[in-house]
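Q: Below is a structure I'd like to ask you about.
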Amino acid sequence: MQPDRRDFIKKALTGVLALLGIGFIVPALRILTPSRVREKEMAYFPLLPEEELPRAGVKKAELTYKALGRDMKARVFLVSSPEGVTALSSTCTHLGCLVNYRRDKKEFVCPCHSGRYDLTGKNIGGPPPAPLTRFPVRIRDGIVHIGMKV
Amino acid sequence: MRLFDYLNDRLVFTARHRRVLDRPVPGWINYGYCFGGIAFTLFIVLLLSGLLLSLFYTPSETEAYASIQRLHRDVPLGHLLRSTHHWAANLMVVMVTLHMVRVFITGSYKTPRELNWVTGAMLLLLTLGYGFTGYLLPWDQKAYWATVVGTNMLGSVPAIGSSLAAVMRGGLDVTGQTLQRFYSLHVLWLPVLTGLFLWLHFHMTRRQGISGGL
């Protein structure tokens, strides 16, 4: 009988310890999960007057916007094409560096890992997995507004 | 189990476990000998709950109180987390005291265990140090004035009292600097010292065994 009893106590101890472990891990995960996750909403922020839009080619502009009660800045590329003007985010879709416009190649090139995008923002080389984000553009009272999810 | 065997072949932890866990305990032992273990268990509870609390608490004059309110309002089970830390801390002081009373009554402090009594006394002081520094962290009126009074007591030490109090407060008054100091003591300095003394305490307990009583 002796070995059986020992075995039982060992198993019981393991069980109790496992329960204690679960009793810690489950509430800990509950505690660590953020409780207030909200959906991001689209909002429009003024960028520049309509007449400053590029007739052809690419123009870099600094967008000031508000997110989570804070003033933020974002670099935006305005690209004009026969179809109209598009606004591209300058944030590389690979790891979030800021891309530069290379006038000689008519490409956006990321300085970090040489990711390349064409003028429509499409990723054409290097590590980027997706095209540059395209912001919606809206013109109100002669001012160009850019839509951002904040 | 293959993974367990793989790790065990390399770390040999079952052998370690045997040495630490499979220890012969005299048959005449009673529940009075559990207080030290209970105190250590509470220490583990405090360590784990404290680790979680530190993810939400901001030790700053302007943010401390608000961060605790946020913990209560926004964090799921946040109230339970803080209460666990609070009550485990209170119980720990009780258990450490009971442990000391038991050691005293059974005369377990006698040669060759005097040094272990000394490390135990250090651990008692550290426990009270946690209590004193932790009490300020909620940064409410009760916490503030308790610390003003507590550090005033330090100021009553002859000759060097006012300097001691100034060092502890990080200034002449209890300010945000005091909060910063107490937070640092509570979560860094004291735990490091506690780890050291706990190791010494347990090491000696293992080497010297349980005393035969009076």
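Lettering and numbering for the structure tokens are positional, with chains as A, B, ... in the shown order, residues counted from 1 in each chain, and ligands counted from 1 in the shown order.
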Mind listing as a count of residues only which residues of chain B are within 9 Å of chain A, counting only C-alpha atoms?

A: 10

Q: In chain B, what's helix (DSSP H, G or I) per DSSP? Answer as a VMD selection string?

A: chain B and resid 2 to 11 13 to 21 31 to 53 64 to 74 78 to 105 114 to 136 141 to 155 161 to 169 176 to 208

Q: Which is closest to B:Glu63 among B:Gly171, B:Gly209, B:Pro138, B:Gly131, if we use only C-alpha atoms?

A: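 Nearest candidate to B:Glu63 out of B:Gly171, B:Gly209, B:Pro138, B:Gly131: B:Pro138.
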
Q: Env of stretch 34-37 of chain B: 7 Å cut, atoms = only C-alpha atoms, seq-sep filter 5 positions within chain, self excluded. Answer as a ChimeraX atom specification.

A: /B:95-96,98-99

Q: Taking only C-alpha atoms into account, which of B:Thr205, B:Thr127, B:Ser156, B:Ser60 comes nearest B:Arg181?

A: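 Using only C-alpha atoms, the shortest distance to B:Arg181 belongs to B:Ser60.
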